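Let me begin by presenting the structure, written as structure tokens, before commenting on it.
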Amino acid sequence: MTEQFDPKRLQQSWPKPEKPRPIVIFGAGSIVGDAHLPAYRKAGFPVAGVFDPDAEKAEKLATTWGIPAFATEVEALAIPGAIFDLATPPAAHAAILSKLPIGAGALIQKPMGGDLAAATEILNICRDRQLKAAVNFQLRFAPMMLALRDAIAKGYLGKVVDFDAWLALATPWGLWPFLKGLPRIEIAMHSIHYLDLIRGLLGNPLGVHARTIGHPNHDVAQTRTAAILDYGDSVRCVLSVNHDHDFGRKFQACEFRISGTEGAGYVKLGVNLDYPRGEPDELWIRPAGGSEWVEVPLQGAWFPDAFGNRMANLQRFVSGEDAELIGSVDDAWQTMALVEAAYQSSARPATAIAPLPGR
């Protein structure tokens, strides 16, 4: 029998390590200043410094946050006992990982390489160097998602049978200039978060049907995706993603609906609405045995709190305080395999409709 639902008792954060290790950040892009550094400061994690091949960019970020900027990559790699945070473009991951100390802890910015072949190379490097490495699919660690997962684990939804992701919003792709010219954008750089989250909640699907396309108003490779994840006859899982609904806030949306046999959940991912300022996240639960929707008071947001929770699990795994490294490179490779399957599905022609018979 499910216990009385108390939204305040749902897990929303990850325990902190007893003795946090220094963090060395590779990359000084916008995500570092918008999420990594705010999260680490809030969580009390020490940042040893930042390195970027663009020394001027690294110095500017370091000055803003009052942290050191490493003059060379060698200097950054020499910090003893560090956790290495690779906030770098996918093409840069493998070269940096190949230079990390044997057995080091590492957090790798998603995606895990530009495609599945690159992800496999990264996986092999991490295995060969015995790295305790995870990929920064931090949506699993957002307060709202930790609470949702806890609610599901405690039986408040019964067995999950429906997962709907609906996005209709305007994403400022120009904030990430390194994306220009890349052949894979929407699924590989954005919806990958949702695919990883769904895998974390429901396990690996049997397969995927997908179509991802661009938009005539710009030259970004893809910004609109429709996908169905096949979980057999008991679970329906659908994603409708449109980053080009640029007609004002009124009818924009970024939300999940998760339905079970006995209850349901609703999630609003506020950061994507008016990014990067965003709006508050929301989580509502209609618990088993209940007659009303109950809002869960959230203690933080996806940005930046998920980044701190993600780092906490990695640090605790490296120190032996956590037995499981969530989103390890082995697990993340499976998310990359799902992404690859979605692109392969999108490249195939759809089932043709029979023509009207002649007279």
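Letters A, B, ... go to the chains of the structure tokens in the order shown; residues in each chain start at 1; ligands are counted from 1 in the same order.
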Item checked: Selection near Tyr343 of chain A, 10 Å with only C-alpha atoms, sequence-local residues under 6 positions removed, as a list of chain:residue names -> A:Asp115, A:Arg184, A:Ile187, A:Ala188, A:Val208, A:His209, A:Ala210, A:Arg211, A:Thr212, A:Ala337
Write the residues of the preceding selection, restricted to C-alpha atoms, as a CSV table (one decimal), in the first residue's frame.
```csv
chain,number,residue,atom,x,y,z
A,115,ASP,CA,28.2,10.6,-33.3
A,184,ARG,CA,23.4,17.2,-36.3
A,187,ILE,CA,18.5,15.6,-31.3
A,188,ALA,CA,22.3,15.5,-30.7
A,208,VAL,CA,12.7,4.6,-32.2
A,209,HIS,CA,10.7,6.2,-35.1
A,210,ALA,CA,11.9,9.7,-35.7
A,211,ARG,CA,12.0,12.7,-38.1
A,212,THR,CA,14.1,15.7,-37.5
A,337,ALA,CA,23.1,4.7,-29.5
```
Notebook entry, point to check: Near Arg310 of chain A, within 6 Å and counting only C-alpha atoms, which residues show up once chain neighbours fewer than 3 positions away are dropped, as a PyMOL selection string?
Noted result: chain A and resi 138+141+306-307+313
Margin query: Nearest residue to Asn124 of chain A out of A:Ala341, A:Ala94, A:Ala151, A:Cys254, using only C-alpha atoms?
Written below: A:Ala94
Notebook entry, point to check: So which residues of segment 88-317 of chain A fall under strand (DSSP E) by DSSP, listed as a ChimeraX atom specification?
Noted result: /A:105-108,132-135,160-168,207-213,224-230,236-242,253-260,264-268,282-286,294-295
Output file for the residues above (C-alpha atoms, as a JSON list (two decimals), in the first residue's frame):
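Wrote result28.json, looks like this:
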```
[["chain", "number", "residue", "atom", "x", "y", "z"],
["A", 105, "GLY", "CA", 37.53, 11.47, -12.23],
["A", 106, "ALA", "CA", 36.04, 13.26, -15.24],
["A", 107, "LEU", "CA", 32.79, 14.89, -16.25],
["A", 108, "ILE", "CA", 32.26, 15.13, -20.01],
["A", 132, "LYS", "CA", 35.88, 7.34, -13.44],
["A", 133, "ALA", "CA", 33.97, 9.25, -16.07],
["A", 134, "ALA", "CA", 30.39, 10.38, -16.50],
["A", 135, "VAL", "CA", 28.64, 12.44, -19.16],
["A", 160, "VAL", "CA", 4.22, 4.37, -15.90],
["A", 161, "VAL", "CA", 2.36, 3.80, -19.18],
["A", 162, "ASP", "CA", 2.57, 7.18, -20.96],
["A", 163, "PHE", "CA", 5.34, 9.76, -21.41],
["A", 164, "ASP", "CA", 4.65, 12.87, -23.49],
["A", 165, "ALA", "CA", 7.26, 15.57, -24.13],
["A", 166, "TRP", "CA", 5.88, 18.72, -25.77],
["A", 167, "LEU", "CA", 8.05, 21.70, -26.71],
["A", 168, "ALA", "CA", 6.84, 24.71, -28.69],
["A", 207, "GLY", "CA", 13.66, 1.12, -31.01],
["A", 208, "VAL", "CA", 12.68, 4.56, -32.24],
["A", 209, "HIS", "CA", 10.73, 6.18, -35.05],
["A", 210, "ALA", "CA", 11.90, 9.75, -35.67],
["A", 211, "ARG", "CA", 11.96, 12.66, -38.07],
["A", 212, "THR", "CA", 14.12, 15.73, -37.46],
["A", 213, "ILE", "CA", 14.17, 18.76, -39.79],
["A", 224, "ARG", "CA", 12.18, 20.45, -35.11],
["A", 225, "THR", "CA", 11.78, 16.79, -34.15],
["A", 226, "ALA", "CA", 9.00, 14.27, -33.79],
["A", 227, "ALA", "CA", 9.84, 10.90, -32.25],
["A", 228, "ILE", "CA", 8.18, 7.80, -30.90],
["A", 229, "LEU", "CA", 10.14, 5.50, -28.58],
["A", 230, "ASP", "CA", 9.01, 1.88, -28.83],
["A", 236, "ARG", "CA", 3.49, 4.97, -25.13],
["A", 237, "CYS", "CA", 6.35, 7.48, -25.37],
["A", 238, "VAL", "CA", 6.18, 10.47, -27.72],
["A", 239, "LEU", "CA", 8.27, 13.63, -28.20],
["A", 240, "SER", "CA", 7.09, 16.69, -30.15],
["A", 241, "VAL", "CA", 9.81, 19.33, -30.28],
["A", 242, "ASN", "CA", 9.59, 22.68, -32.11],
["A", 253, "ALA", "CA", 5.32, 25.30, -23.92],
["A", 254, "CYS", "CA", 8.09, 23.11, -22.55],
["A", 255, "GLU", "CA", 6.53, 20.32, -20.57],
["A", 256, "PHE", "CA", 6.31, 16.60, -19.86],
["A", 257, "ARG", "CA", 3.22, 14.61, -18.95],
["A", 258, "ILE", "CA", 3.90, 11.28, -17.27],
["A", 259, "SER", "CA", 0.90, 9.03, -16.70],
["A", 260, "GLY", "CA", 0.77, 5.85, -14.68],
["A", 264, "ALA", "CA", 0.28, 11.10, -13.01],
["A", 265, "GLY", "CA", 2.93, 13.81, -13.09],
["A", 266, "TYR", "CA", 3.33, 17.13, -14.91],
["A", 267, "VAL", "CA", 6.68, 18.88, -15.36],
["A", 268, "LYS", "CA", 7.37, 22.38, -16.71],
["A", 282, "GLU", "CA", 7.20, 23.23, -11.92],
["A", 283, "LEU", "CA", 6.32, 19.70, -10.79],
["A", 284, "TRP", "CA", 2.78, 18.57, -10.08],
["A", 285, "ILE", "CA", 1.72, 15.09, -8.96],
["A", 286, "ARG", "CA", -1.74, 13.52, -9.00],
["A", 294, "VAL", "CA", -0.56, 18.62, -5.79],
["A", 295, "GLU", "CA", 2.27, 21.04, -6.59]]
```
Next item on the list: Give the alpha helix (DSSP H) residues of segment 146-281 of chain A, as DSSP finds them on the backbone, and put them as a ChimeraX atom specification.
Entry: /A:146-153,192-202
Convert the current residue selection to file output with C-alpha atoms, as an mmCIF file, in the first residue's frame.
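File written: result.cif
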```
data_model
loop_
_atom_site.group_PDB
_atom_site.id
_atom_site.type_symbol
_atom_site.label_atom_id
_atom_site.label_comp_id
_atom_site.auth_asym_id
_atom_site.auth_seq_id
_atom_site.Cartn_x
_atom_site.Cartn_y
_atom_site.Cartn_z
ATOM 1 C CA LEU A 146 14.877 13.728 -8.823
ATOM 2 C CA ALA A 147 11.500 14.322 -7.152
ATOM 3 C CA LEU A 148 9.607 12.780 -10.081
ATOM 4 C CA ARG A 149 11.841 9.713 -10.026
ATOM 5 C CA ASP A 150 11.335 9.405 -6.265
ATOM 6 C CA ALA A 151 7.556 9.674 -6.670
ATOM 7 C CA ILE A 152 7.603 6.904 -9.284
ATOM 8 C CA ALA A 153 9.861 4.719 -7.110
ATOM 9 C CA ILE A 192 19.397 14.135 -26.160
ATOM 10 C CA HIS A 193 18.643 15.368 -22.614
ATOM 11 C CA TYR A 194 15.087 14.081 -22.871
ATOM 12 C CA LEU A 195 16.116 10.779 -24.424
ATOM 13 C CA ASP A 196 18.616 10.256 -21.606
ATOM 14 C CA LEU A 197 16.038 11.163 -18.947
ATOM 15 C CA ILE A 198 13.497 8.769 -20.448
ATOM 16 C CA ARG A 199 16.089 5.987 -20.497
ATOM 17 C CA GLY A 200 16.767 6.698 -16.832
ATOM 18 C CA LEU A 201 13.075 6.380 -15.978
ATOM 19 C CA LEU A 202 11.889 3.660 -18.365
#
```
Next item on the list: Could you tell me how far atom CA of Gln12 of chain A lies from atom CA of Arg140 of chain A, in Å and to one decimal?
Entry: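 That distance, rounded to one decimal, is 10.8 Å.
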Check: Which one of A:Ile96, A:Asn136, A:Ala301, A:Ala28 sits closest to Met112 of chain A if you count only C-alpha atoms?
Finding: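 Between A:Ile96, A:Asn136, A:Ala301, A:Ala28, the residue approaching Met112 of chain A most closely is A:Asn136.
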Item checked: All residues 7 Å or closer to Glu262 of chain A, only C-alpha atoms, same chain fewer than 6 positions away omitted, as a list in words ->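 Returned residues: Leu157, Gly158 and Ala288 of chain A.
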Next item on the list: Grab the atom CA of Gly155 of chain A to atom CA of Gly308 of chain A distance for me, in Å with one decimal place.
Entry: 27.1 Å
Check: What does the distance from atom CA of Arg277 of chain A to atom CA of Gly27 of chain A come to in Å, to one decimal?
Finding: 21.8 Å
Determine, counting only C-alpha atoms, which protein, DNA and RNA residues have an atom within 9 Å of an atom of Ala118 of chain A; residues of the same chain fewer than 4 positions away are not included. Present the result as a PDB file with all heavy atoms, in the first residue's frame.
```pdb
ATOM      1  N   PRO A  90      32.095  18.667 -28.607  1.00  0.00           N
ATOM      2  CA  PRO A  90      32.246  17.214 -28.742  1.00  0.00           C
ATOM      3  C   PRO A  90      33.556  16.783 -29.395  1.00  0.00           C
ATOM      4  O   PRO A  90      34.174  15.802 -28.964  1.00  0.00           O
ATOM      5  CB  PRO A  90      31.046  16.809 -29.600  1.00  0.00           C
ATOM      6  CG  PRO A  90      30.045  17.887 -29.392  1.00  0.00           C
ATOM      7  CD  PRO A  90      30.803  19.140 -29.131  1.00  0.00           C
ATOM      8  N   ALA A  91      34.007  17.532 -30.396  1.00  0.00           N
ATOM      9  CA  ALA A  91      35.214  17.134 -31.125  1.00  0.00           C
ATOM     10  C   ALA A  91      36.474  17.226 -30.274  1.00  0.00           C
ATOM     11  O   ALA A  91      37.499  16.632 -30.613  1.00  0.00           O
ATOM     12  CB  ALA A  91      35.368  17.996 -32.378  1.00  0.00           C
ATOM     13  N   ALA A  94      37.909  13.715 -26.867  1.00  0.00           N
ATOM     14  CA  ALA A  94      38.823  12.567 -26.905  1.00  0.00           C
ATOM     15  C   ALA A  94      40.271  12.994 -26.636  1.00  0.00           C
ATOM     16  O   ALA A  94      40.985  12.332 -25.868  1.00  0.00           O
ATOM     17  CB  ALA A  94      38.716  11.861 -28.256  1.00  0.00           C
ATOM     18  N   MET A 112      28.308  12.913 -26.044  1.00  0.00           N
ATOM     19  CA  MET A 112      29.520  12.113 -25.885  1.00  0.00           C
ATOM     20  C   MET A 112      30.152  11.905 -27.259  1.00  0.00           C
ATOM     21  O   MET A 112      30.206  10.809 -27.791  1.00  0.00           O
ATOM     22  CB  MET A 112      29.150  10.773 -25.238  1.00  0.00           C
ATOM     23  CG  MET A 112      30.306   9.877 -24.825  1.00  0.00           C
ATOM     24  SD  MET A 112      29.616   8.378 -24.064  1.00  0.00           S
ATOM     25  CE  MET A 112      31.091   7.351 -24.001  1.00  0.00           C
ATOM     26  N   GLY A 113      30.614  13.023 -27.857  1.00  0.00           N
ATOM     27  CA  GLY A 113      31.134  12.968 -29.212  1.00  0.00           C
ATOM     28  C   GLY A 113      30.066  13.342 -30.221  1.00  0.00           C
ATOM     29  O   GLY A 113      28.873  13.415 -29.910  1.00  0.00           O
ATOM     30  N   GLY A 114      30.507  13.583 -31.442  1.00  0.00           N
ATOM     31  CA  GLY A 114      29.589  14.016 -32.480  1.00  0.00           C
ATOM     32  C   GLY A 114      28.669  12.948 -33.016  1.00  0.00           C
ATOM     33  O   GLY A 114      27.618  13.255 -33.573  1.00  0.00           O
ATOM     34  N   ILE A 122      35.546   7.566 -27.281  1.00  0.00           N
ATOM     35  CA  ILE A 122      35.612   8.135 -25.938  1.00  0.00           C
ATOM     36  C   ILE A 122      35.443   7.047 -24.884  1.00  0.00           C
ATOM     37  O   ILE A 122      36.165   7.016 -23.877  1.00  0.00           O
ATOM     38  CB  ILE A 122      34.547   9.229 -25.782  1.00  0.00           C
ATOM     39  CG1 ILE A 122      34.968  10.466 -26.581  1.00  0.00           C
ATOM     40  CG2 ILE A 122      34.313   9.594 -24.313  1.00  0.00           C
ATOM     41  CD1 ILE A 122      33.888  11.518 -26.723  1.00  0.00           C
ATOM     42  N   LEU A 123      34.507   6.146 -25.104  1.00  0.00           N
ATOM     43  CA  LEU A 123      34.298   5.034 -24.170  1.00  0.00           C
ATOM     44  C   LEU A 123      35.577   4.208 -24.024  1.00  0.00           C
ATOM     45  O   LEU A 123      35.991   3.865 -22.901  1.00  0.00           O
ATOM     46  CB  LEU A 123      33.149   4.150 -24.666  1.00  0.00           C
ATOM     47  CG  LEU A 123      32.849   2.885 -23.852  1.00  0.00           C
ATOM     48  CD1 LEU A 123      32.362   3.251 -22.448  1.00  0.00           C
ATOM     49  CD2 LEU A 123      31.812   2.028 -24.575  1.00  0.00           C
TER      50      LEU A 123
END
```
Item checked: Contact residues around segment 75-88 of chain A with only C-alpha atoms at 8 Å, ignoring same-chain residues under 5 positions, as a PyMOL selection string -> chain A and resi 21-29+31-32+48-51+70+93+99-101+104-109+315
Would you put the residues from that selection into a file with N, CA and C atoms, as a short mmCIF file (atom, residue, chain, number, x, y, z; two decimals), in the first residue's frame?
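What ended up in part_3.cif:
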```
data_model
loop_
_atom_site.label_atom_id
_atom_site.label_comp_id
_atom_site.auth_asym_id
_atom_site.auth_seq_id
_atom_site.Cartn_x
_atom_site.Cartn_y
_atom_site.Cartn_z
N ARG A 21 36.60 17.43 -3.88
CA ARG A 21 37.87 17.54 -4.59
C ARG A 21 37.88 18.80 -5.45
N PRO A 22 39.07 19.32 -5.73
CA PRO A 22 39.15 20.51 -6.60
C PRO A 22 38.71 20.17 -8.02
N ILE A 23 38.05 21.13 -8.66
CA ILE A 23 37.54 20.95 -10.01
C ILE A 23 38.37 21.78 -10.98
N VAL A 24 38.85 21.12 -12.03
CA VAL A 24 39.57 21.79 -13.11
C VAL A 24 38.65 21.80 -14.32
N ILE A 25 38.33 22.99 -14.81
CA ILE A 25 37.39 23.13 -15.92
C ILE A 25 38.15 23.38 -17.22
N PHE A 26 37.85 22.57 -18.23
CA PHE A 26 38.35 22.79 -19.58
C PHE A 26 37.23 23.42 -20.39
N GLY A 27 37.48 24.62 -20.91
CA GLY A 27 36.47 25.33 -21.68
C GLY A 27 35.95 26.52 -20.91
N ALA A 28 35.77 27.64 -21.61
CA ALA A 28 35.29 28.86 -20.97
C ALA A 28 34.10 29.44 -21.72
N GLY A 29 33.25 28.55 -22.26
CA GLY A 29 32.08 28.99 -23.00
C GLY A 29 30.96 29.45 -22.08
N ILE A 31 28.13 28.16 -21.19
CA ILE A 31 27.55 27.21 -20.25
C ILE A 31 28.31 27.18 -18.93
N VAL A 32 29.61 27.47 -18.96
CA VAL A 32 30.41 27.46 -17.74
C VAL A 32 29.98 28.59 -16.81
N ALA A 48 39.56 24.77 -8.91
CA ALA A 48 41.00 25.04 -8.95
C ALA A 48 41.35 26.03 -10.05
N GLY A 49 40.54 26.05 -11.12
CA GLY A 49 40.81 26.99 -12.20
C GLY A 49 40.19 26.53 -13.51
N VAL A 50 40.36 27.36 -14.55
CA VAL A 50 39.79 27.08 -15.86
C VAL A 50 40.88 27.23 -16.92
N PHE A 51 40.81 26.36 -17.93
CA PHE A 51 41.73 26.48 -19.08
C PHE A 51 40.91 26.49 -20.36
N PHE A 70 44.34 28.94 -15.98
CA PHE A 70 45.60 28.25 -16.25
C PHE A 70 46.20 28.76 -17.55
N HIS A 93 36.67 16.36 -26.93
CA HIS A 93 36.66 15.48 -25.75
C HIS A 93 37.78 14.44 -25.77
N LYS A 99 44.77 12.67 -22.21
CA LYS A 99 45.86 13.25 -21.43
C LYS A 99 45.60 13.26 -19.93
N LEU A 100 44.40 12.89 -19.50
CA LEU A 100 44.08 12.92 -18.07
C LEU A 100 44.88 11.86 -17.32
N PRO A 101 45.20 12.10 -16.06
CA PRO A 101 45.92 11.10 -15.27
C PRO A 101 45.13 9.79 -15.20
N ALA A 104 41.70 9.06 -13.10
CA ALA A 104 41.11 10.34 -12.66
C ALA A 104 39.60 10.33 -12.80
N GLY A 105 38.95 11.24 -12.08
CA GLY A 105 37.53 11.47 -12.23
C GLY A 105 37.29 12.53 -13.28
N ALA A 106 36.29 12.32 -14.14
CA ALA A 106 36.04 13.26 -15.24
C ALA A 106 34.55 13.38 -15.51
N LEU A 107 34.15 14.60 -15.81
CA LEU A 107 32.79 14.89 -16.25
C LEU A 107 32.86 15.44 -17.65
N ILE A 108 32.15 14.81 -18.59
CA ILE A 108 32.26 15.13 -20.01
C ILE A 108 30.99 15.82 -20.47
N GLN A 109 31.13 17.00 -21.06
CA GLN A 109 29.97 17.72 -21.58
C GLN A 109 29.26 16.88 -22.63
N GLN A 315 31.66 13.07 -7.59
CA GLN A 315 32.65 13.21 -6.52
C GLN A 315 32.48 12.10 -5.48
#
```
Check: Pick from A:Ala92, A:Met311, A:Leu10, A:Leu169: nearest to His36 of chain A, with only C-alpha atoms counted?
Finding: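 Using only C-alpha atoms, the shortest distance to His36 of chain A belongs to A:Met311.
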Margin query: Measuring between only C-alpha atoms, which one of A:Pro89, A:Glu324, A:Ala312, A:Ser346 shows the shortest distance to Pro177 of chain A?
Written below: A:Pro89
Margin query: I'd like to know which of A:Ala55, A:Ala323, A:Gly358, A:Glu186 is closest to Glu73 of chain A, using only C-alpha atoms.
Written below: A:Ala55
Item checked: Counting only C-alpha atoms, the option among A:Met189, A:Met145, A:Ala43, A:Cys126 closest to Asn309 of chain A ->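 Selected residue with least distance to Asn309 of chain A: A:Ala43.
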Notebook entry, point to check: Skipping near chain neighbours, those fewer than 3 positions away, what residues fall within 9 Å of Gly232 of chain A using only C-alpha atoms, listed as an NGL selection string?
Noted result: :A and (205-206 or 235-236)
